[in-house]
Each structure stands twice: as structure tokens, then as C-alpha cells.
Amino acid sequence: MEKKPVKITETILRDAHQSLVATRMRIGQMLPQLEALDKVGYNALEAWGGATFDTCLRFLGEDPWERLDTLKQHLKNTPIQMLLRGQNLLGYNHYSDDVVRAFVRKASQHGVKIFRIFDALNDIQNLRTAIDEALHCKEKPQVQGCLVYTISPYHTNETFVELAKTLEEMGVHSVCIKDMSGLLKPYVAEDLVKKLKAAVKVPIELHTHYTSGFGSMTYLKAIEAGVDIIDTALAPFSCDTSQPCTETMIETLKDTPYDTGLNRQELTPISKHFLKVKQDIIKEFNLKGYFDVNPNVLDFQIPGGMLSNLTNQLKEQGMEDKYQDLLDEMPRVRADLGYPPLVTPSSQIVGTMATFNVMMGERYKMVPKEFKDLARGKFGHTPKPISTSFLHSIGIKDSEIITDCAIEDAKEKTMEQFRDELAEKGYKNAPEEDILSYALFPQVAEEFFREKMRFLSANRAKELLGELMKIDDPQALKEHLHQALKS
Ligand code: CO
């Protein structure tokens, strides 16, 4: 049989720790193994985007742009891949085209070599600007478009193939089947990959999570059907709600036509390091760190991390006994909303609405703004058009229904407006990177900048003290101090 080596994208630096330890891995915990990871021969290292940007600023006191610079310095051979939510970027709103383009440009300049771009609703309109900008970056990064996989009466393998064809026409270099909740069953994967391979020329990558327990079976059937690239995580950060295990997949394919050519034993010391990292993170942030296989995800379709948040909300309200009601309510809310795939931000929006319905004991008594926005079309078209009677019933007027969300996006703030806003808050001449951090997470970034300034001024004060100690002449001392205060 003809040789057809499968390529492997390693997720240990992004999705794996996002899925298992709430995205809490620090750059310092990655550093000791970056050179080793770089030598493995991976197709790519997914290392940036997704929730990492937010957690860097919010919880880890790290500048996400500096993290990217450090990764770039140490990863000379393997492309750095990022996950980007189209017009949503890495935030929870839609942004203006101006902000989307600036973000993609900066990410490319700082070292992103593969942009994996998706939209929660699979609405092409929301992918257009990000894909176009990435295709035109000076550094010539690879651009990958995603099919966000879900199960509903409105999604079939044929609809996904149509979407892949459109992505190929838009100029993407590869297409990814993004199965964020592990819903893709092995034989369905086989059929989908066969159909995709027949319909498009660009390579097909498969990204799944082990949540329902299908992971490596799904990969194997997809590989036999011709998938080009699979996403895996090193042993300590694999399985559960994360990706199938890198070492297992390498060994499974060894001495077959699909042999990856990678050496499992070379990975042992790297995995050993990350096992310790995982234990440290679980301890530091008091996390659970493991999740049981849950085939019922097929019904409620909420990603693992999200589910534990909802359970906590119920617990805080003393309503733990309502857990099953919540799981039952989720698919109903999703159906009312036109069957969106559940991934950030739609997963949070549907999950919160279902929780409210259960806690209030009455459906749609209280409807959050984000739910109304998604329902009225602010984030794009839902797979099934939502009935006007439902929209009216949750208080949306005909005049509020949006048919073209690009018109709404154009009303969002521009880079210049964000720059002015920061200046008004006392941060003048902010570099573009900081303006982007602020555009995505205004309060969190502001707080982060304040901390950073405080740190900088504390360092400067220490330095100044050292300088002053060396000056004997009182007049010179006065002059130096005067100059220092002016700057
Ligand atoms: Co994922």
C-alpha cells in the first residue's frame, strides 16, 4: 500500500491545558521543553489564542504578546499555531474590521505561522475579514478555515462539505474539522473525511476531544479515510476532555502506511516534565484536573469545562438537585435558538439561558442581553432561522432583528477610538499590542497595565535610589532628582 504519513499537531501548549487545567500553564512552565518540542518534527505546535490570551492577562500576570515573542524565540523549526474566533477574535464581542485586521497583522508579526480560524455559527461572513487579512500578511502565514462540528437536524456531512468548498474558494490553505465537544463518532468521521477528500484539494485536519470517549477510534477511522493531520496532546495532558494521546497515536501508526515518522521514546522526557507541571498547576489553582468520560455529551453538547462552571452556579444557588433538569433544558434552548454549534461564545450563552430557565422555574422569564443578541442575529445567521414568534416572546421587536451582522460590526469601535479611550484613562501612546489587549478585555487589560506600571515604577525607584547614593554634591543631587522626576 502507498505510504501516506499522518502529520501531528501538538496541543500541549494551548488546548490541552485549556481543556484540563483551565488554561493556567505559564510560559515559565513551557520554557524548559520548548527546544525539545521544536525538535520532535510536529506539523505544528498549537500554542496561542483560544483562552490563553484572556488567562494570561486575567490570572497569570503575563503579557500574551510577550509570551508569543518568547515562543517564537525558542521554536525555530516548528510553526506556531493559534486559534482565532473570526470576527470575535479572542474576546466575547464582535469587533470592527479595523480591529480584526490589526489583530491578525500583529499576531503574524509576533510569530503566528498558522491561523486556525472559526466562527461559532459557521457563518462565512464572520470569517471573511480575518481570513482575508491573514492571507495578505507580509510573513505569509498558513491560513486554516474550520468546520465547527455539531449534531442537529440542520447539520449533515453534506452541509459540512459545502462549507469546506466555500472555505477553499476563499483561499484557505487547509480545512479543519473542529470537534470541540467530542461529538464526532468514528464511522461518521470516516464518511465525512471521505466526502471532504473527494470535494476539496487542500489538506484536511481533524481536531477532537475525548469527552465522549470516541477520540482515538475517530482518529483511526479518519486516518483510514485519508485525513492528513490529527491534533494530539502528550500523555499527561491527553484524553478526558482533552485530545487523544500523542504517544499512543504515534505507536498505533508505526510500521503502517500512515507511520508519522515521529519517535515515541523521544517524547518521554518531555512528557515527564509536563506531568510535574500538571500536578503543580492542579495544586496551585486547586483544580480537579481530570474528567470522567461522558457519552451524554452527545445530548447536551456542552464542552466539559463549561459544564463544571454551570454545575458550580447551581451549587452556589443551593439548587444542585436541578442538575438533570439543566441537562434536559440545554437541548431545548439550543433548538429554540436555531441549533447553533456550542462553542465559545454560543456555549456560554445557551448554558446561561438554560441555567436561568431552570433556576427561575419558568422559561425565558429573565433573558440576558447576550442571548437576545444571538437570537436577533447580531453574531450572524443561526443554522435554522429563529421563528419570529419566539423572538417576540423574548421581547425582541421587528426593528431589532439584524439580517446582516457586518453592518453592526462596522459600528463597533476602531483602533483609533480604543487608543483615544486609553489615552483618556492616562495611558498615552500605547503600542498597538496594548490597544488590542484593551479592545478585547477592557477592564482586565486596564488592571494589567496598572499592575505593570506599578512594577515598572517600583523598579525605577530602586534604580534611582542607587544612582542618588553615588552622588556627593548636593547641587548635582538636586539636579539629578529633578530630572528623574520630570521623566
Ligand atoms: Co479544542
# chains A, B, ... in the order shown; residues from 1 in each chain; ligands from 1
$ residues_near_ligand --ligand "ligand 1" --cutoff "8 Å" --atoms "only C-alpha atoms and all ligand atoms" --output "number ranges by chain"
A: 15-16, 19, 178-181, 207-209, 242-243
$ residues_around --residues "stretch 90-99 of chain A" --least-positions-apart "4" --cutoff "9 Å" --atoms "only C-alpha atoms" --output "mmCIF file with N, CA and C atoms, in the first residue's frame"
data_model
loop_
_atom_site.group_PDB
_atom_site.id
_atom_site.type_symbol
_atom_site.label_atom_id
_atom_site.label_comp_id
_atom_site.auth_asym_id
_atom_site.auth_seq_id
_atom_site.Cartn_x
_atom_site.Cartn_y
_atom_site.Cartn_z
ATOM 1 N N GLY A 49 -3.676 31.863 21.436
ATOM 2 C CA GLY A 49 -5.088 32.070 21.101
ATOM 3 C C GLY A 49 -5.994 31.239 21.988
ATOM 4 N N GLY A 50 -7.221 31.037 21.544
ATOM 5 C CA GLY A 50 -8.215 30.372 22.394
ATOM 6 C C GLY A 50 -8.364 31.181 23.674
ATOM 7 N N ALA A 51 -8.319 30.507 24.811
ATOM 8 C CA ALA A 51 -8.479 31.215 26.088
ATOM 9 C C ALA A 51 -7.145 31.680 26.672
ATOM 10 N N THR A 52 -6.023 31.387 26.006
ATOM 11 C CA THR A 52 -4.722 31.729 26.616
ATOM 12 C C THR A 52 -4.540 33.232 26.772
ATOM 13 N N PHE A 53 -5.017 34.000 25.813
ATOM 14 C CA PHE A 53 -4.842 35.455 25.837
ATOM 15 C C PHE A 53 -5.511 36.041 27.082
ATOM 16 N N ASP A 54 -6.772 35.648 27.272
ATOM 17 C CA ASP A 54 -7.552 36.107 28.417
ATOM 18 C C ASP A 54 -6.896 35.689 29.753
ATOM 19 N N LEU A 83 -5.431 29.711 17.651
ATOM 20 C CA LEU A 83 -6.859 29.538 17.409
ATOM 21 C C LEU A 83 -7.529 30.899 17.512
ATOM 22 N N LEU A 84 -8.236 31.285 16.446
ATOM 23 C CA LEU A 84 -8.855 32.610 16.375
ATOM 24 C C LEU A 84 -10.342 32.472 16.051
ATOM 25 N N ARG A 85 -11.170 33.260 16.794
ATOM 26 C CA ARG A 85 -12.610 33.145 16.587
ATOM 27 C C ARG A 85 -13.131 34.184 15.592
ATOM 28 N N GLY A 86 -12.582 34.259 14.408
ATOM 29 C CA GLY A 86 -13.068 35.161 13.365
ATOM 30 C C GLY A 86 -13.326 36.565 13.869
ATOM 31 N N PHE A 103 -5.354 43.033 14.608
ATOM 32 C CA PHE A 103 -5.003 41.900 15.475
ATOM 33 C C PHE A 103 -4.267 40.811 14.688
ATOM 34 N N VAL A 104 -4.829 40.463 13.541
ATOM 35 C CA VAL A 104 -4.221 39.401 12.724
ATOM 36 C C VAL A 104 -2.816 39.825 12.292
ATOM 37 N N ASN A 126 -18.517 35.940 9.085
ATOM 38 C CA ASN A 126 -17.693 36.230 10.261
ATOM 39 C C ASN A 126 -16.246 35.774 10.101
ATOM 40 N N THR A 129 -13.131 38.578 7.002
ATOM 41 C CA THR A 129 -12.108 39.610 7.246
ATOM 42 C C THR A 129 -10.831 38.990 7.808
ATOM 43 N N ALA A 130 -10.979 38.119 8.808
ATOM 44 C CA ALA A 130 -9.799 37.516 9.435
ATOM 45 C C ALA A 130 -9.022 36.680 8.414
ATOM 46 N N THR A 344 -17.408 28.560 22.366
ATOM 47 C CA THR A 344 -17.366 29.962 22.775
ATOM 48 C C THR A 344 -17.671 30.869 21.585
ATOM 49 N N PRO A 345 -18.583 31.828 21.695
ATOM 50 C CA PRO A 345 -19.342 32.205 22.884
ATOM 51 C C PRO A 345 -20.734 31.576 22.970
ATOM 52 N N LYS A 378 -27.219 39.330 15.842
ATOM 53 C CA LYS A 378 -26.068 40.225 15.963
ATOM 54 C C LYS A 378 -24.747 39.497 15.686
ATOM 55 N N PHE A 379 -24.719 38.194 15.944
ATOM 56 C CA PHE A 379 -23.473 37.436 15.740
ATOM 57 C C PHE A 379 -23.514 36.601 14.454
ATOM 58 N N ALA A 406 -22.618 42.275 9.438
ATOM 59 C CA ALA A 406 -21.454 43.093 9.054
ATOM 60 C C ALA A 406 -21.750 44.574 9.247
ATOM 61 N N GLU A 408 -23.606 45.791 11.565
ATOM 62 C CA GLU A 408 -23.453 46.018 13.009
ATOM 63 C C GLU A 408 -21.966 46.083 13.397
ATOM 64 N N ASP A 409 -21.167 45.162 12.823
ATOM 65 C CA ASP A 409 -19.733 45.143 13.132
ATOM 66 C C ASP A 409 -19.085 46.480 12.786
ATOM 67 N N ALA A 410 -19.560 47.085 11.684
ATOM 68 C CA ALA A 410 -18.976 48.351 11.229
ATOM 69 C C ALA A 410 -19.200 49.460 12.245
ATOM 70 N N LYS A 411 -20.209 49.265 13.135
ATOM 71 C CA LYS A 411 -20.483 50.295 14.154
ATOM 72 C C LYS A 411 -19.602 50.137 15.387
ATOM 73 N N GLU A 412 -18.885 49.012 15.470
ATOM 74 C CA GLU A 412 -18.016 48.778 16.648
ATOM 75 C C GLU A 412 -16.819 49.731 16.595
ATOM 76 N N LYS A 413 -16.161 49.899 17.756
ATOM 77 C CA LYS A 413 -15.063 50.872 17.836
ATOM 78 C C LYS A 413 -13.875 50.508 16.961
ATOM 79 N N THR A 414 -13.182 51.533 16.489
ATOM 80 C CA THR A 414 -11.972 51.335 15.684
ATOM 81 C C THR A 414 -10.744 51.359 16.602
ATOM 82 N N MET A 415 -9.586 51.017 16.051
ATOM 83 C CA MET A 415 -8.335 51.076 16.806
ATOM 84 C C MET A 415 -8.118 52.485 17.365
ATOM 85 N N LEU A 436 -4.815 46.503 21.435
ATOM 86 C CA LEU A 436 -5.572 45.295 21.097
ATOM 87 C C LEU A 436 -5.978 44.526 22.353
ATOM 88 N N ALA A 439 -8.811 46.416 23.680
ATOM 89 C CA ALA A 439 -10.034 46.280 22.863
ATOM 90 C C ALA A 439 -10.748 44.974 23.197
ATOM 91 N N LEU A 440 -9.980 43.923 23.443
ATOM 92 C CA LEU A 440 -10.570 42.609 23.700
ATOM 93 C C LEU A 440 -11.080 42.470 25.130
ATOM 94 N N PHE A 441 -10.288 42.942 26.089
ATOM 95 C CA PHE A 441 -10.655 42.773 27.506
ATOM 96 C C PHE A 441 -10.421 44.079 28.260
#
$ residues_around --residues "stretch 40-45 of chain A" --least-positions-apart "2" --cutoff "6 Å" --atoms "only C-alpha atoms" --output "PyMOL selection string"
chain A and resi 7-10+37-38+47+78-81
$ residues_around --residues "A:Ala22" --least-positions-apart "3" --cutoff "9 Å" --atoms "only C-alpha atoms" --output "list in words"
His17, Gln18, Ser19, Met25, Ala51, Thr55, Leu287, Gly289 and Gly305 of chain A
$ write_last_selection --atoms "N, CA and C atoms" --output "PDB file, in the first residue's frame"
ATOM      1  N   HIS A  17      -3.984  22.167  27.924  1.00  0.00           N
ATOM      2  CA  HIS A  17      -4.092  22.714  29.287  1.00  0.00           C
ATOM      3  C   HIS A  17      -5.340  23.586  29.441  1.00  0.00           C
ATOM      4  N   GLN A  18      -5.864  24.091  28.324  1.00  0.00           N
ATOM      5  CA  GLN A  18      -7.152  24.796  28.402  1.00  0.00           C
ATOM      6  C   GLN A  18      -8.256  23.802  28.781  1.00  0.00           C
ATOM      7  N   SER A  19      -8.172  22.595  28.236  1.00  0.00           N
ATOM      8  CA  SER A  19      -9.223  21.604  28.480  1.00  0.00           C
ATOM      9  C   SER A  19      -9.131  20.966  29.869  1.00  0.00           C
ATOM     10  N   MET A  25      -1.430  27.140  32.333  1.00  0.00           N
ATOM     11  CA  MET A  25       0.008  26.898  32.178  1.00  0.00           C
ATOM     12  C   MET A  25       0.742  28.201  31.861  1.00  0.00           C
ATOM     13  N   ALA A  51      -8.319  30.507  24.811  1.00  0.00           N
ATOM     14  CA  ALA A  51      -8.479  31.215  26.088  1.00  0.00           C
ATOM     15  C   ALA A  51      -7.145  31.680  26.672  1.00  0.00           C
ATOM     16  N   THR A  55      -6.538  34.412  29.875  1.00  0.00           N
ATOM     17  CA  THR A  55      -5.993  33.949  31.164  1.00  0.00           C
ATOM     18  C   THR A  55      -4.631  34.563  31.466  1.00  0.00           C
ATOM     19  N   LEU A 287      -7.477  22.714  41.351  1.00  0.00           N
ATOM     20  CA  LEU A 287      -8.325  22.233  40.257  1.00  0.00           C
ATOM     21  C   LEU A 287      -8.547  20.730  40.375  1.00  0.00           C
ATOM     22  N   GLY A 289      -8.630  18.625  37.534  1.00  0.00           N
ATOM     23  CA  GLY A 289      -7.584  18.088  36.655  1.00  0.00           C
ATOM     24  C   GLY A 289      -7.932  16.824  35.901  1.00  0.00           C
ATOM     25  N   GLY A 305     -15.418  21.782  30.292  1.00  0.00           N
ATOM     26  CA  GLY A 305     -15.051  22.885  31.188  1.00  0.00           C
ATOM     27  C   GLY A 305     -16.249  23.742  31.525  1.00  0.00           C
TER      28      GLY A 305
END
$ residues_around --residues "A:Pro269" --least-positions-apart "5" --cutoff "12 Å" --atoms "only C-alpha atoms" --output "count of residues only"
12
$ decode --residues "stretch 158-182 of chain A" --atoms "N, CA and C atoms" --output "compact mmCIF listing (two decimals), in the first residue's frame"
# COMPACT_ATOMS: atom_id res chain seq x y z
N GLU A 158 -23.01 16.46 4.44
CA GLU A 158 -23.10 17.21 3.18
C GLU A 158 -23.02 18.72 3.43
N THR A 159 -23.68 19.21 4.48
CA THR A 159 -23.61 20.66 4.74
C THR A 159 -22.18 21.06 5.11
N PHE A 160 -21.47 20.15 5.81
CA PHE A 160 -20.08 20.47 6.17
C PHE A 160 -19.19 20.48 4.92
N VAL A 161 -19.47 19.58 3.99
CA VAL A 161 -18.69 19.56 2.74
C VAL A 161 -18.89 20.86 1.96
N GLU A 162 -20.14 21.32 1.91
CA GLU A 162 -20.42 22.59 1.22
C GLU A 162 -19.61 23.73 1.85
N LEU A 163 -19.58 23.74 3.19
CA LEU A 163 -18.84 24.77 3.91
C LEU A 163 -17.34 24.69 3.57
N ALA A 164 -16.82 23.47 3.51
CA ALA A 164 -15.40 23.29 3.19
C ALA A 164 -15.09 23.82 1.79
N LYS A 165 -16.01 23.59 0.86
CA LYS A 165 -15.80 24.08 -0.51
C LYS A 165 -15.73 25.61 -0.52
N THR A 166 -16.63 26.23 0.24
CA THR A 166 -16.62 27.70 0.31
C THR A 166 -15.30 28.19 0.91
N LEU A 167 -14.83 27.52 1.97
CA LEU A 167 -13.57 27.93 2.59
C LEU A 167 -12.42 27.81 1.59
N GLU A 168 -12.44 26.73 0.82
CA GLU A 168 -11.37 26.55 -0.18
C GLU A 168 -11.42 27.67 -1.22
N GLU A 169 -12.62 28.02 -1.63
CA GLU A 169 -12.77 29.13 -2.59
C GLU A 169 -12.24 30.43 -2.01
N MET A 170 -12.35 30.59 -0.69
CA MET A 170 -11.87 31.82 -0.05
C MET A 170 -10.34 31.84 0.04
N GLY A 171 -9.71 30.74 -0.29
CA GLY A 171 -8.24 30.74 -0.36
C GLY A 171 -7.51 30.12 0.81
N VAL A 172 -8.23 29.43 1.72
CA VAL A 172 -7.52 28.84 2.87
C VAL A 172 -6.56 27.75 2.39
N HIS A 173 -5.51 27.52 3.18
CA HIS A 173 -4.50 26.52 2.82
C HIS A 173 -4.86 25.13 3.33
N SER A 174 -5.76 25.06 4.31
CA SER A 174 -6.21 23.77 4.82
C SER A 174 -7.56 23.96 5.52
N VAL A 175 -8.23 22.82 5.75
CA VAL A 175 -9.54 22.87 6.42
C VAL A 175 -9.47 21.97 7.65
N CYS A 176 -10.01 22.48 8.76
CA CYS A 176 -10.00 21.69 10.00
C CYS A 176 -11.43 21.33 10.39
N ILE A 177 -11.65 20.05 10.71
CA ILE A 177 -12.91 19.65 11.33
C ILE A 177 -12.71 19.87 12.81
N LYS A 178 -13.42 20.86 13.36
CA LYS A 178 -13.20 21.22 14.75
C LYS A 178 -14.32 20.64 15.60
N ASP A 179 -13.98 19.56 16.30
CA ASP A 179 -14.98 18.83 17.09
C ASP A 179 -14.71 19.11 18.57
N MET A 180 -15.17 20.27 19.03
CA MET A 180 -14.76 20.77 20.35
C MET A 180 -15.35 19.99 21.52
N SER A 181 -16.46 19.29 21.29
CA SER A 181 -17.05 18.54 22.40
C SER A 181 -16.93 17.04 22.23
N GLY A 182 -16.20 16.61 21.22
CA GLY A 182 -16.01 15.16 21.02
C GLY A 182 -17.28 14.47 20.59
